[in-house]
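J.: Just one file: entry_2.txt, with compact mmCIF, C-alpha atoms (C1' of nucleotides).
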```txt
# COMPACT_ATOMS: atom_id res chain seq x y z
CA MET Q 1 -28.92 -29.18 -11.24
CA THR Q 2 -29.74 -28.17 -14.80
CA GLN Q 3 -27.17 -26.36 -16.88
CA GLU Q 4 -29.40 -23.28 -16.93
CA THR Q 5 -29.48 -23.12 -13.16
CA GLN Q 6 -25.73 -23.54 -13.12
CA ILE Q 7 -25.27 -20.59 -15.46
CA GLU Q 8 -27.73 -18.48 -13.53
CA MET Q 9 -25.92 -19.22 -10.29
CA ASN Q 10 -22.62 -18.28 -11.83
CA GLU Q 11 -24.04 -15.02 -13.04
CA THR Q 12 -25.38 -14.26 -9.60
CA LEU Q 13 -22.06 -15.16 -8.08
CA MET Q 14 -20.19 -12.95 -10.54
CA ALA Q 15 -22.53 -10.06 -9.86
CA GLU Q 16 -21.97 -10.41 -6.14
CA ALA Q 17 -18.24 -10.75 -6.71
CA ARG Q 18 -18.21 -7.56 -8.75
CA GLU Q 19 -19.99 -5.65 -6.01
CA LEU Q 20 -17.83 -7.05 -3.25
CA ASP Q 21 -14.63 -6.40 -5.18
CA GLU Q 22 -15.67 -2.80 -5.69
CA LEU Q 23 -16.25 -2.41 -1.98
CA TRP Q 24 -13.00 -4.15 -1.14
CA VAL Q 25 -10.94 -1.96 -3.46
CA ARG Q 26 -12.31 1.15 -1.84
CA LEU Q 27 -11.89 -0.18 1.68
CA SER Q 28 -8.37 -1.42 1.23
CA TRP Q 29 -7.18 1.75 -0.49
CA THR Q 30 -8.83 4.03 2.06
CA SER Q 31 -7.51 1.99 4.93
CA HIS Q 32 -4.03 1.95 3.34
CA ARG Q 33 -3.96 5.75 3.07
CA ARG Q 34 -5.43 6.19 6.53
CA PHE Q 35 -2.82 3.84 7.97
CA GLU Q 36 -0.01 5.88 6.46
CA GLN Q 37 -1.51 9.07 7.86
CA GLU Q 38 -1.56 7.56 11.33
CA LEU Q 39 2.04 6.40 11.06
CA ASP Q 40 3.15 9.80 9.83
CA ARG Q 41 2.77 11.15 13.37
CA PHE Q 42 5.55 8.77 14.39
CA ASN Q 43 7.65 9.43 11.30
CA LEU Q 44 7.17 5.81 10.30
CA THR Q 45 6.14 4.32 6.97
CA GLY Q 46 3.91 1.28 6.50
CA PRO Q 47 6.76 -1.08 5.61
CA GLN Q 48 8.80 0.20 8.57
CA PHE Q 49 5.93 -0.51 10.94
CA MET Q 50 5.43 -3.98 9.49
CA ALA Q 51 9.15 -4.66 9.93
CA LEU Q 52 9.16 -3.45 13.55
CA ARG Q 53 6.15 -5.64 14.20
CA SER Q 54 7.87 -8.68 12.68
CA VAL Q 55 11.03 -8.07 14.68
CA HIS Q 56 8.96 -7.89 17.85
CA LYS Q 57 7.25 -11.17 17.08
CA CYS Q 58 10.52 -12.98 16.43
CA GLY Q 59 11.54 -12.36 20.00
CA ASN Q 60 15.17 -13.44 20.11
CA GLY Q 61 16.22 -11.89 16.83
CA CYS Q 62 15.07 -12.36 13.25
CA SER Q 63 17.21 -13.10 10.24
CA MET Q 64 16.85 -10.80 7.25
CA THR Q 65 15.42 -13.70 5.27
CA GLU Q 66 12.70 -14.26 7.86
CA LEU Q 67 11.82 -10.58 7.89
CA ALA Q 68 11.65 -10.36 4.11
CA GLY Q 69 9.51 -13.49 3.96
CA ALA Q 70 7.11 -12.23 6.61
CA ALA Q 71 6.52 -9.07 4.60
CA HIS Q 72 6.31 -10.94 1.27
CA GLN Q 73 9.31 -8.95 0.11
CA VAL Q 74 12.66 -9.61 -1.42
CA SER Q 75 15.74 -9.33 0.76
CA PRO Q 76 17.37 -6.19 -0.70
CA THR Q 77 14.13 -4.34 0.07
CA MET Q 78 14.30 -5.40 3.70
CA THR Q 79 17.96 -4.37 3.90
CA GLY Q 80 16.93 -0.80 3.08
CA ILE Q 81 14.05 -0.76 5.54
CA ILE Q 82 16.16 -2.13 8.38
CA ASP Q 83 19.01 0.27 7.54
CA ARG Q 84 16.67 3.22 8.14
CA LEU Q 85 15.36 1.77 11.40
CA LEU Q 86 18.97 1.21 12.50
CA GLU Q 87 19.90 4.84 11.81
CA ARG Q 88 17.08 5.91 14.07
CA GLY Q 89 18.11 3.51 16.80
CA LEU Q 90 14.88 1.52 16.70
CA VAL Q 91 16.48 -1.86 16.01
CA GLU Q 92 19.89 -3.46 16.35
CA ARG Q 93 21.62 -6.01 14.17
CA GLN Q 94 24.20 -8.61 15.19
CA ARG Q 95 25.82 -11.61 13.59
CA ASP Q 96 24.31 -14.95 14.52
CA PRO Q 97 27.11 -16.76 16.38
CA HIS Q 98 25.82 -20.13 15.15
CA ASP Q 99 25.86 -19.16 11.48
CA ARG Q 100 27.96 -16.15 10.68
CA ARG Q 101 26.18 -15.57 7.38
CA SER Q 102 22.97 -14.73 9.23
CA LEU Q 103 22.03 -11.62 11.15
CA LEU Q 104 19.85 -11.34 14.24
CA VAL Q 105 17.74 -8.20 14.21
CA SER Q 106 16.06 -7.17 17.45
CA LEU Q 107 14.21 -4.18 18.89
CA THR Q 108 16.00 -1.61 21.02
CA ASP Q 109 14.14 -0.20 24.03
CA LYS Q 110 13.40 2.85 21.93
CA GLY Q 111 12.02 0.68 19.15
CA ALA Q 112 9.87 -1.32 21.55
CA ALA Q 113 8.47 1.90 23.01
CA MET Q 114 7.74 3.27 19.56
CA LEU Q 115 6.01 0.07 18.49
CA GLU Q 116 3.90 0.04 21.64
CA ALA Q 117 2.89 3.67 21.13
CA VAL Q 118 1.76 2.99 17.57
CA ALA Q 119 -0.02 -0.21 18.57
CA GLN Q 120 -1.80 1.66 21.35
CA GLN Q 121 -3.05 4.31 18.95
CA LYS Q 122 -4.23 1.65 16.53
CA ARG Q 123 -6.03 -0.28 19.25
CA ILE Q 124 -7.82 2.84 20.41
CA ARG Q 125 -9.00 3.58 16.90
CA MET Q 126 -10.21 0.03 16.42
CA ALA Q 127 -12.02 0.23 19.78
CA GLN Q 128 -13.76 3.38 18.52
CA PHE Q 129 -14.91 1.38 15.54
CA LEU Q 130 -16.09 -1.55 17.66
CA ALA Q 131 -17.93 0.77 20.02
CA GLY Q 132 -20.32 1.50 17.17
CA ILE Q 133 -20.99 -2.19 16.53
CA ALA Q 134 -23.45 -4.34 18.45
CA PRO Q 135 -21.56 -6.84 20.63
CA GLU Q 136 -23.18 -9.86 18.97
CA GLU Q 137 -21.99 -8.62 15.59
CA ARG Q 138 -18.36 -8.33 16.58
CA GLU Q 139 -17.75 -12.03 16.37
CA ARG Q 140 -19.18 -11.95 12.87
CA ILE Q 141 -16.69 -9.28 11.82
CA GLN Q 142 -13.79 -11.26 13.08
CA GLN Q 143 -15.01 -14.32 11.19
CA THR Q 144 -15.37 -12.38 7.97
CA LEU Q 145 -11.87 -10.94 8.13
CA GLN Q 146 -10.38 -14.30 9.03
CA GLN Q 147 -12.04 -15.92 6.02
CA MET Q 148 -10.63 -13.23 3.75
CA LEU Q 149 -7.17 -13.53 5.24
CA ASP Q 150 -7.19 -17.30 4.75
CA PHE Q 151 -8.10 -16.78 1.12
CA PHE Q 152 -5.61 -14.04 0.32
CA ALA Q 153 -2.76 -15.63 2.23
CA ALA Q 154 -3.21 -18.83 0.22
CA GLU Q 155 -3.13 -16.77 -2.96
CA ILE Q 156 0.22 -15.11 -2.29
CA VAL Q 157 2.78 -16.57 -4.65
CA THR Q 158 6.51 -16.35 -4.72
CA THR Q 159 6.98 -16.91 -8.43
CA ARG Q 160 6.12 -14.30 -10.99
CA GLU Q 161 2.88 -15.01 -12.84
CA GLU Q 162 2.48 -15.20 -16.59
CA PRO Q 163 2.37 -11.62 -17.87
CA VAL Q 164 -0.58 -10.48 -19.97
CA SER Q 165 0.31 -9.31 -23.51
CA MET A 1 -24.19 1.02 35.11
CA THR A 2 -21.62 0.93 37.89
CA GLN A 3 -18.15 2.28 37.32
CA GLU A 4 -16.70 -1.21 37.72
CA THR A 5 -18.87 -2.56 34.97
CA GLN A 6 -17.85 0.37 32.80
CA ILE A 7 -14.19 -0.38 33.33
CA GLU A 8 -14.70 -4.06 32.72
CA MET A 9 -16.52 -3.33 29.50
CA ASN A 10 -13.74 -1.06 28.33
CA GLU A 11 -11.17 -3.73 29.01
CA THR A 12 -13.18 -6.26 27.08
CA LEU A 13 -13.56 -3.80 24.24
CA MET A 14 -9.84 -3.04 24.18
CA ALA A 15 -9.00 -6.74 24.19
CA GLU A 16 -11.32 -7.30 21.25
CA ALA A 17 -9.90 -4.24 19.53
CA ARG A 18 -6.37 -5.55 19.94
CA GLU A 19 -7.29 -8.87 18.42
CA LEU A 20 -9.21 -7.35 15.56
CA ASP A 21 -6.46 -4.84 14.81
CA GLU A 22 -3.93 -7.65 14.65
CA LEU A 23 -6.12 -9.49 12.17
CA TRP A 24 -6.75 -6.36 10.15
CA VAL A 25 -3.05 -5.49 9.88
CA ARG A 26 -2.28 -8.92 8.52
CA LEU A 27 -5.23 -8.94 6.15
CA SER A 28 -4.65 -5.49 4.74
CA TRP A 29 -0.92 -6.02 4.23
CA THR A 30 -1.40 -9.45 2.65
CA SER A 31 -4.14 -8.17 0.41
CA HIS A 32 -2.03 -5.15 -0.53
CA ARG A 33 0.89 -7.34 -1.60
CA ARG A 34 -1.38 -9.80 -3.38
CA PHE A 35 -3.04 -6.94 -5.24
CA GLU A 36 0.31 -5.70 -6.51
CA GLN A 37 1.24 -9.19 -7.63
CA GLU A 38 -1.96 -9.43 -9.63
CA LEU A 39 -1.39 -6.05 -11.25
CA ASP A 40 2.17 -6.95 -12.12
CA ARG A 41 0.88 -9.22 -14.89
CA PHE A 42 -0.50 -6.10 -16.55
CA ASN A 43 2.57 -3.99 -15.81
CA LEU A 44 0.42 -1.77 -13.63
CA THR A 45 1.01 -0.47 -10.10
CA GLY A 46 -1.65 -0.04 -7.45
CA PRO A 47 -1.83 3.74 -7.78
CA GLN A 48 -2.00 3.41 -11.57
CA PHE A 49 -4.93 1.03 -11.32
CA MET A 50 -6.71 3.30 -8.85
CA ALA A 51 -6.20 6.22 -11.22
CA LEU A 52 -7.52 4.28 -14.24
CA ARG A 53 -10.52 3.29 -12.17
CA SER A 54 -11.20 6.90 -11.14
CA VAL A 55 -10.89 8.11 -14.71
CA HIS A 56 -13.37 5.47 -15.81
CA LYS A 57 -15.86 6.54 -13.16
CA CYS A 58 -15.66 10.21 -14.11
CA GLY A 59 -17.03 9.37 -17.51
CA ASN A 60 -16.63 12.59 -19.45
CA GLY A 61 -13.18 13.48 -18.22
CA CYS A 62 -11.74 14.11 -14.78
CA SER A 63 -9.71 17.09 -13.67
CA MET A 64 -6.37 16.38 -12.03
CA THR A 65 -7.72 17.81 -8.79
CA GLU A 66 -10.62 15.37 -8.81
CA LEU A 67 -8.29 12.46 -9.47
CA ALA A 68 -5.91 13.46 -6.71
CA GLY A 69 -8.79 13.92 -4.28
CA ALA A 70 -10.32 10.55 -5.14
CA ALA A 71 -7.03 8.83 -4.32
CA HIS A 72 -6.41 10.94 -1.20
CA GLN A 73 -3.25 12.21 -2.85
CA VAL A 74 -1.65 15.52 -3.58
CA SER A 75 -1.72 16.83 -7.13
CA PRO A 76 1.98 16.50 -8.09
CA THR A 77 1.72 12.82 -7.25
CA MET A 78 -1.19 12.40 -9.62
CA THR A 79 0.68 14.31 -12.34
CA GLY A 80 3.37 11.65 -12.28
CA ILE A 81 0.93 8.75 -12.30
CA ILE A 82 -1.06 10.18 -15.20
CA ASP A 83 2.14 11.01 -17.11
CA ARG A 84 3.11 7.32 -17.06
CA LEU A 85 -0.35 6.21 -18.14
CA LEU A 86 -0.20 8.75 -20.98
CA GLU A 87 3.16 7.43 -22.21
CA ARG A 88 1.60 3.99 -22.47
CA GLY A 89 -1.43 5.32 -24.30
CA LEU A 90 -3.91 4.26 -21.60
CA VAL A 91 -5.37 7.73 -21.00
CA GLU A 92 -5.57 11.05 -22.84
CA ARG A 93 -5.49 14.58 -21.48
CA GLN A 94 -7.11 17.68 -22.99
CA ARG A 95 -7.73 21.23 -21.86
CA ASP A 96 -11.21 21.90 -20.51
CA PRO A 97 -12.69 24.39 -23.00
CA HIS A 98 -14.78 25.99 -20.24
CA ASP A 99 -11.82 26.62 -17.95
CA ARG A 100 -8.47 26.48 -19.64
CA ARG A 101 -6.65 25.97 -16.35
CA SER A 102 -8.28 22.56 -15.97
CA LEU A 103 -7.56 19.32 -17.76
CA LEU A 104 -9.96 16.58 -18.74
CA VAL A 105 -8.41 13.14 -18.43
CA SER A 106 -10.21 10.24 -20.09
CA LEU A 107 -9.57 6.59 -20.95
CA THR A 108 -8.39 5.58 -24.40
CA ASP A 109 -9.82 2.39 -25.92
CA LYS A 110 -6.62 0.66 -24.92
CA GLY A 111 -6.97 1.96 -21.37
CA ALA A 112 -10.58 0.85 -21.16
CA ALA A 113 -9.64 -2.61 -22.39
CA MET A 114 -6.82 -2.84 -19.87
CA LEU A 115 -9.06 -1.75 -17.03
CA GLU A 116 -11.69 -4.26 -18.03
CA ALA A 117 -9.14 -7.07 -18.19
CA VAL A 118 -7.87 -6.28 -14.71
CA ALA A 119 -11.38 -5.91 -13.31
CA GLN A 120 -12.33 -9.24 -14.86
CA GLN A 121 -9.41 -10.98 -13.20
CA LYS A 122 -10.26 -9.39 -9.87
CA ARG A 123 -13.92 -10.38 -10.14
CA ILE A 124 -12.99 -13.96 -10.90
CA ARG A 125 -10.74 -14.12 -7.88
CA MET A 126 -13.41 -12.63 -5.65
CA ALA A 127 -15.92 -15.13 -7.04
CA GLN A 128 -13.52 -17.92 -6.09
CA PHE A 129 -13.54 -16.55 -2.59
CA LEU A 130 -17.33 -16.25 -2.48
CA ALA A 131 -17.75 -19.77 -3.82
CA GLY A 132 -16.33 -21.01 -0.53
CA ILE A 133 -18.81 -18.99 1.54
CA ALA A 134 -22.37 -20.05 2.31
CA PRO A 135 -24.82 -17.84 0.38
CA GLU A 136 -26.55 -16.59 3.52
CA GLU A 137 -23.21 -15.42 4.87
CA ARG A 138 -22.33 -13.33 1.85
CA GLU A 139 -24.65 -10.52 2.83
CA ARG A 140 -22.95 -10.49 6.22
CA ILE A 141 -19.55 -10.02 4.61
CA GLN A 142 -20.73 -7.10 2.57
CA GLN A 143 -22.19 -5.47 5.67
CA THR A 144 -18.97 -5.89 7.61
CA LEU A 145 -16.83 -4.34 4.91
CA GLN A 146 -19.26 -1.48 4.44
CA GLN A 147 -19.17 -0.71 8.16
CA MET A 148 -15.39 -0.63 8.08
CA LEU A 149 -15.31 1.56 5.00
CA ASP A 150 -17.72 4.05 6.58
CA PHE A 151 -15.47 4.22 9.61
CA PHE A 152 -12.16 4.58 7.79
CA ALA A 153 -13.48 7.01 5.21
CA ALA A 154 -14.72 9.31 7.98
CA GLU A 155 -11.28 9.13 9.58
CA ILE A 156 -9.35 10.30 6.54
CA VAL A 157 -8.08 13.78 7.20
CA THR A 158 -6.62 16.38 4.91
CA THR A 159 -4.62 18.24 7.54
CA ARG A 160 -1.50 16.83 9.10
CA GLU A 161 -1.98 15.50 12.61
CA GLU A 162 0.03 16.54 15.63
CA PRO A 163 3.35 14.68 15.46
CA VAL A 164 4.43 12.53 18.39
CA SER A 165 7.74 13.59 20.00
C1' DT O 1 28.24 -25.50 -4.44
C1' DA O 2 24.55 -23.44 -1.88
C1' DT O 3 22.96 -19.93 1.33
C1' DT O 4 22.79 -15.27 3.55
C1' DG O 5 23.01 -10.86 2.93
C1' DT O 6 24.57 -6.39 0.78
C1' DT O 7 25.56 -3.19 -3.06
C1' DA O 8 24.45 -1.19 -7.51
C1' DT O 9 20.91 0.34 -10.39
C1' DA O 10 16.56 1.81 -12.12
C1' DC O 11 11.84 2.97 -11.52
C1' DT O 12 7.57 4.38 -9.00
C1' DC O 13 5.23 6.78 -5.43
C1' DT O 14 5.10 10.35 -2.20
C1' DA O 15 5.24 15.12 -0.26
C1' DT O 16 6.78 20.07 -0.17
C1' DA O 17 8.13 24.27 -2.40
C1' DA O 18 8.34 27.12 -6.27
C1' DC O 19 6.58 28.21 -10.54
C1' DT O 20 3.25 29.15 -14.87
C1' DA O 21 -1.10 29.94 -16.87
C1' DT O 22 -5.76 31.07 -16.40
C1' DA O 23 -9.76 33.02 -13.93
C1' DT M 1 -5.70 37.55 -5.80
C1' DA M 2 -7.08 32.75 -6.15
C1' DT M 3 -7.16 28.31 -8.56
C1' DA M 4 -5.37 24.40 -11.60
C1' DG M 5 -1.62 22.22 -12.76
C1' DT M 6 3.42 21.28 -13.54
C1' DT M 7 8.36 21.19 -12.42
C1' DA M 8 12.08 20.64 -9.17
C1' DT M 9 13.72 18.14 -5.49
C1' DA M 10 14.32 14.75 -1.93
C1' DG M 11 13.37 10.45 0.19
C1' DA M 12 11.22 5.76 0.63
C1' DG M 13 9.97 1.26 -1.27
C1' DT M 14 10.38 -2.06 -4.83
C1' DA M 15 12.67 -5.57 -7.90
C1' DT M 16 16.67 -7.54 -10.55
C1' DA M 17 21.47 -8.47 -11.13
C1' DA M 18 25.94 -8.85 -9.41
C1' DC M 19 28.77 -9.53 -5.59
C1' DA M 20 31.04 -11.01 -0.81
C1' DA M 21 31.22 -13.91 3.05
C1' DT M 22 30.14 -18.13 5.18
C1' DA M 23 28.55 -22.93 5.26
```
Would you mind writing the structure in this file as structure tokens?
T.:
Amino acid sequence: MTQETQIEMNETLMAEARELDELWVRLSWTSHRRFEQELDRFNLTGPQFMALRSVHKCGNGCSMTELAGAAHQVSPTMTGIIDRLLERGLVERQRDPHDRRSLLVSLTDKGAAMLEAVAQQKRIRMAQFLAGIAPEERERIQQTLQQMLDFFAAEIVTTREEPVS
Amino acid sequence: MTQETQIEMNETLMAEARELDELWVRLSWTSHRRFEQELDRFNLTGPQFMALRSVHKCGNGCSMTELAGAAHQVSPTMTGIIDRLLERGLVERQRDPHDRRSLLVSLTDKGAAMLEAVAQQKRIRMAQFLAGIAPEERERIQQTLQQMLDFFAAEIVTTREEPVS
DNA sequence: TATTGTTATACTCTATAACTATA
DNA sequence: TATAGTTATAGAGTATAACAATA
């Protein structure tokens, strides 16, 4: 490959990247706002829903550290989120008998019902979307999103990056 | 189509919807957190970046109402965001001579440079993603995201939805 | 000493309600 | 009266620093 072709390819790639980034910014912001609107009916916030979902997935009780890690957050943030879910009786929190520094957070029946109601609403909306898509294209959509998730998940860092001037 | 087939199709659709929703929740949350990490290098928040981007697109000055609408936000929220950008000298705000109730918000040189630096970083990252995708699949990705954007954008409502018990 | 988690603090985003200025 | 925008207020999420309890 000549150097010229290399440069041309890079320019094409950058042009495509610019266009795709533009689309992605709009999609992710719109979806973010839409998501919060949906949750508002249940008096839940996005982080609260994500926390409920994580607690559900843990099964036999999550530690605060696990919950914070799952949400890519720092532990004092998760303390606040769980506190508010506790006040509303959606989760419960006990000491781990095997390590009394740790806590085990789990869903109450009320919390499980709330999570299921939200998940149901979200599934219905996604089904409405899929209904407008040709069946053979649905696989393609799943592939696309999975590729993006793999990329972004690998990019998440735990250390602060070098600030710009 | 028999009723049985109808039901079977709906179940298949709901199963696919469940799977896709699960993937989408993870992708959008991960991308959201990653986005904020990237912006942190510039001491910007997500809403601040979205506002800078909207101001840039308006060209000859945006009204506060336009900015709030573009971000699906309410105007006092945008007042706060723009106030902080003003303090940092990234935007300027003047009265509209044709209607002295309105304001015209525009980018300063510093704001334009900041926006360009962020956009550059985002384009590079998206190009890194695209570099791992076969060229013939890139079109497919764009189509997928566009379909999702069309769906979510249509779903955004301005009135509050019926709360759930 | 190291780990788990909370408290204290400060800042941003968010919405609603009340207000001012202009049309 | 209606519209554009801000101020006042309250609550949620976020991170950092300092702390307590347990290992």
J.: Let me make sure I understand: among A:Gln128, A:Gly69, A:Thr45, A:Lys110, which one has the smallest atom-to-atom distance to chain O if we use all atoms listed in the file?
T.: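 Among the listed residues, A:Thr45 lies closest to chain O.
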J.: Which residue out of Q:Phe151, Q:Leu130, Q:Gln146, Q:Ile82 has the minimum interatomic distance to chain M when all atoms listed in the file are used?
T.: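 Smallest separation from chain M among the options: Q:Ile82.
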J.: Could you tell me how far atom CA of Q:Met78 sits from atom CA of Q:Asp99, in Å to one decimal place?
T.: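 Taking atom CA of Q:Asp99 as the start and atom CA of Q:Met78 as the end point, the length is 19.6 Å.
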J.: Which residues are close to A:Cys58, i.e. within 12 Å by all atoms listed in the file, leaving aside same-chain residues fewer than 2 positions away? Reply as an MDAnalysis selection string.
T.: chainID A and resid 51:56 60:64 66:67 70 104:107
J.: Applying 10 Å and all atoms listed in the file, which residues near stretch 6-23 of chain M remain after dropping the ones on its own chain fewer than 3 positions away? List them as a VMD selection string.
T.: (chain Q and resid 45 to 48 73 to 78 80 to 81 84 99 to 102) or (chain A and resid 75 to 76 79 to 80) or (chain O and resid 2 to 20)
J.: Could the residues in this selection be written to a file with C-alpha atoms (C1' of nucleotides), as a PDB file, keeping the file's coordinate frame?
T.:
```pdb
ATOM      1  CA  THR Q  45       6.140   4.320   6.970  1.00  0.00           C
ATOM      2  CA  GLY Q  46       3.910   1.280   6.500  1.00  0.00           C
ATOM      3  CA  PRO Q  47       6.760  -1.080   5.610  1.00  0.00           C
ATOM      4  CA  GLN Q  48       8.800   0.200   8.570  1.00  0.00           C
ATOM      5  CA  GLN Q  73       9.310  -8.950   0.110  1.00  0.00           C
ATOM      6  CA  VAL Q  74      12.660  -9.610  -1.420  1.00  0.00           C
ATOM      7  CA  SER Q  75      15.740  -9.330   0.760  1.00  0.00           C
ATOM      8  CA  PRO Q  76      17.370  -6.190  -0.700  1.00  0.00           C
ATOM      9  CA  THR Q  77      14.130  -4.340   0.070  1.00  0.00           C
ATOM     10  CA  MET Q  78      14.300  -5.400   3.700  1.00  0.00           C
ATOM     11  CA  GLY Q  80      16.930  -0.800   3.080  1.00  0.00           C
ATOM     12  CA  ILE Q  81      14.050  -0.760   5.540  1.00  0.00           C
ATOM     13  CA  ARG Q  84      16.670   3.220   8.140  1.00  0.00           C
ATOM     14  CA  ASP Q  99      25.860 -19.160  11.480  1.00  0.00           C
ATOM     15  CA  ARG Q 100      27.960 -16.150  10.680  1.00  0.00           C
ATOM     16  CA  ARG Q 101      26.180 -15.570   7.380  1.00  0.00           C
ATOM     17  CA  SER Q 102      22.970 -14.730   9.230  1.00  0.00           C
TER      18      SER Q 102
ATOM     19  CA  SER A  75      -1.720  16.830  -7.130  1.00  0.00           C
ATOM     20  CA  PRO A  76       1.980  16.500  -8.090  1.00  0.00           C
ATOM     21  CA  THR A  79       0.680  14.310 -12.340  1.00  0.00           C
ATOM     22  CA  GLY A  80       3.370  11.650 -12.280  1.00  0.00           C
TER      23      GLY A  80
ATOM     24  C1'  DA O   2      24.550 -23.440  -1.880  1.00  0.00           C
ATOM     25  C1'  DT O   3      22.960 -19.930   1.330  1.00  0.00           C
ATOM     26  C1'  DT O   4      22.790 -15.270   3.550  1.00  0.00           C
ATOM     27  C1'  DG O   5      23.010 -10.860   2.930  1.00  0.00           C
ATOM     28  C1'  DT O   6      24.570  -6.390   0.780  1.00  0.00           C
ATOM     29  C1'  DT O   7      25.560  -3.190  -3.060  1.00  0.00           C
ATOM     30  C1'  DA O   8      24.450  -1.190  -7.510  1.00  0.00           C
ATOM     31  C1'  DT O   9      20.910   0.340 -10.390  1.00  0.00           C
ATOM     32  C1'  DA O  10      16.560   1.810 -12.120  1.00  0.00           C
ATOM     33  C1'  DC O  11      11.840   2.970 -11.520  1.00  0.00           C
ATOM     34  C1'  DT O  12       7.570   4.380  -9.000  1.00  0.00           C
ATOM     35  C1'  DC O  13       5.230   6.780  -5.430  1.00  0.00           C
ATOM     36  C1'  DT O  14       5.100  10.350  -2.200  1.00  0.00           C
ATOM     37  C1'  DA O  15       5.240  15.120  -0.260  1.00  0.00           C
ATOM     38  C1'  DT O  16       6.780  20.070  -0.170  1.00  0.00           C
ATOM     39  C1'  DA O  17       8.130  24.270  -2.400  1.00  0.00           C
ATOM     40  C1'  DA O  18       8.340  27.120  -6.270  1.00  0.00           C
ATOM     41  C1'  DC O  19       6.580  28.210 -10.540  1.00  0.00           C
ATOM     42  C1'  DT O  20       3.250  29.150 -14.870  1.00  0.00           C
TER      43       DT O  20
END
```
J.: Record the distance separating atom CA of Q:Val25 and atom CA of A:Met114, expressed in Å with one decimal.
T.: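 Going from atom CA of Q:Val25 over to atom CA of A:Met114 covers 16.9 Å.
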J.: For the interface of chain A with chain Q (cut-off 6 Å, counting all atoms listed in the file), please tabulate each contacting residue of chain A alongside its nearest pair of atoms and their separation in Å to one decimal, rows sorted by chain and increasing number, as a Markdown table.
T.:
```
| residue | atom | partner | partner_atom | distance |
| --- | --- | --- | --- | --- |
| A:Met14 | CA | Q:Ala127 | CA | 5.9 |
| A:Ala17 | CA | Q:Ala127 | CA | 5.0 |
| A:Arg18 | CA | Q:Arg123 | CA | 5.3 |
| A:Leu27 | CA | Q:Leu149 | CA | 5.1 |
| A:Arg34 | CA | Q:Ile156 | CA | 5.7 |
| A:Arg41 | CA | Q:Pro163 | CA | 4.1 |
| A:Phe42 | CA | Q:Val164 | CA | 5.6 |
| A:Arg123 | CA | Q:Arg18 | CA | 5.3 |
| A:Met126 | CA | Q:Ala17 | CA | 5.3 |
| A:Ala127 | CA | Q:Ala17 | CA | 5.0 |
| A:Ile141 | CA | Q:Thr144 | CA | 5.9 |
| A:Thr144 | CA | Q:Ile141 | CA | 5.9 |
| A:Leu149 | CA | Q:Leu27 | CA | 5.1 |
| A:Ile156 | CA | Q:Arg34 | CA | 5.7 |
| A:Pro163 | CA | Q:Arg41 | CA | 4.1 |
| A:Val164 | CA | Q:Arg41 | CA | 5.5 |
```
J.: In Å, with one decimal, what is the gap from atom CA of A:Arg88 to atom CA of A:Leu44?
T.: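 Atom CA of A:Arg88 sits 10.6 Å away from atom CA of A:Leu44.
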J.: Of the candidates A:Ala68, A:Leu115, A:Val91, A:Leu103, which one gets nearest to chain M if we count all atoms listed in the file?
T.: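 Using all atoms listed in the file, chain M sits closest to A:Leu103.
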J.: So, counting all atoms listed in the file, which residue among A:Thr65, A:His98, A:Phe49, A:Glu116 is closest to M:DT3?
T.: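 Closest candidate: A:Thr65.
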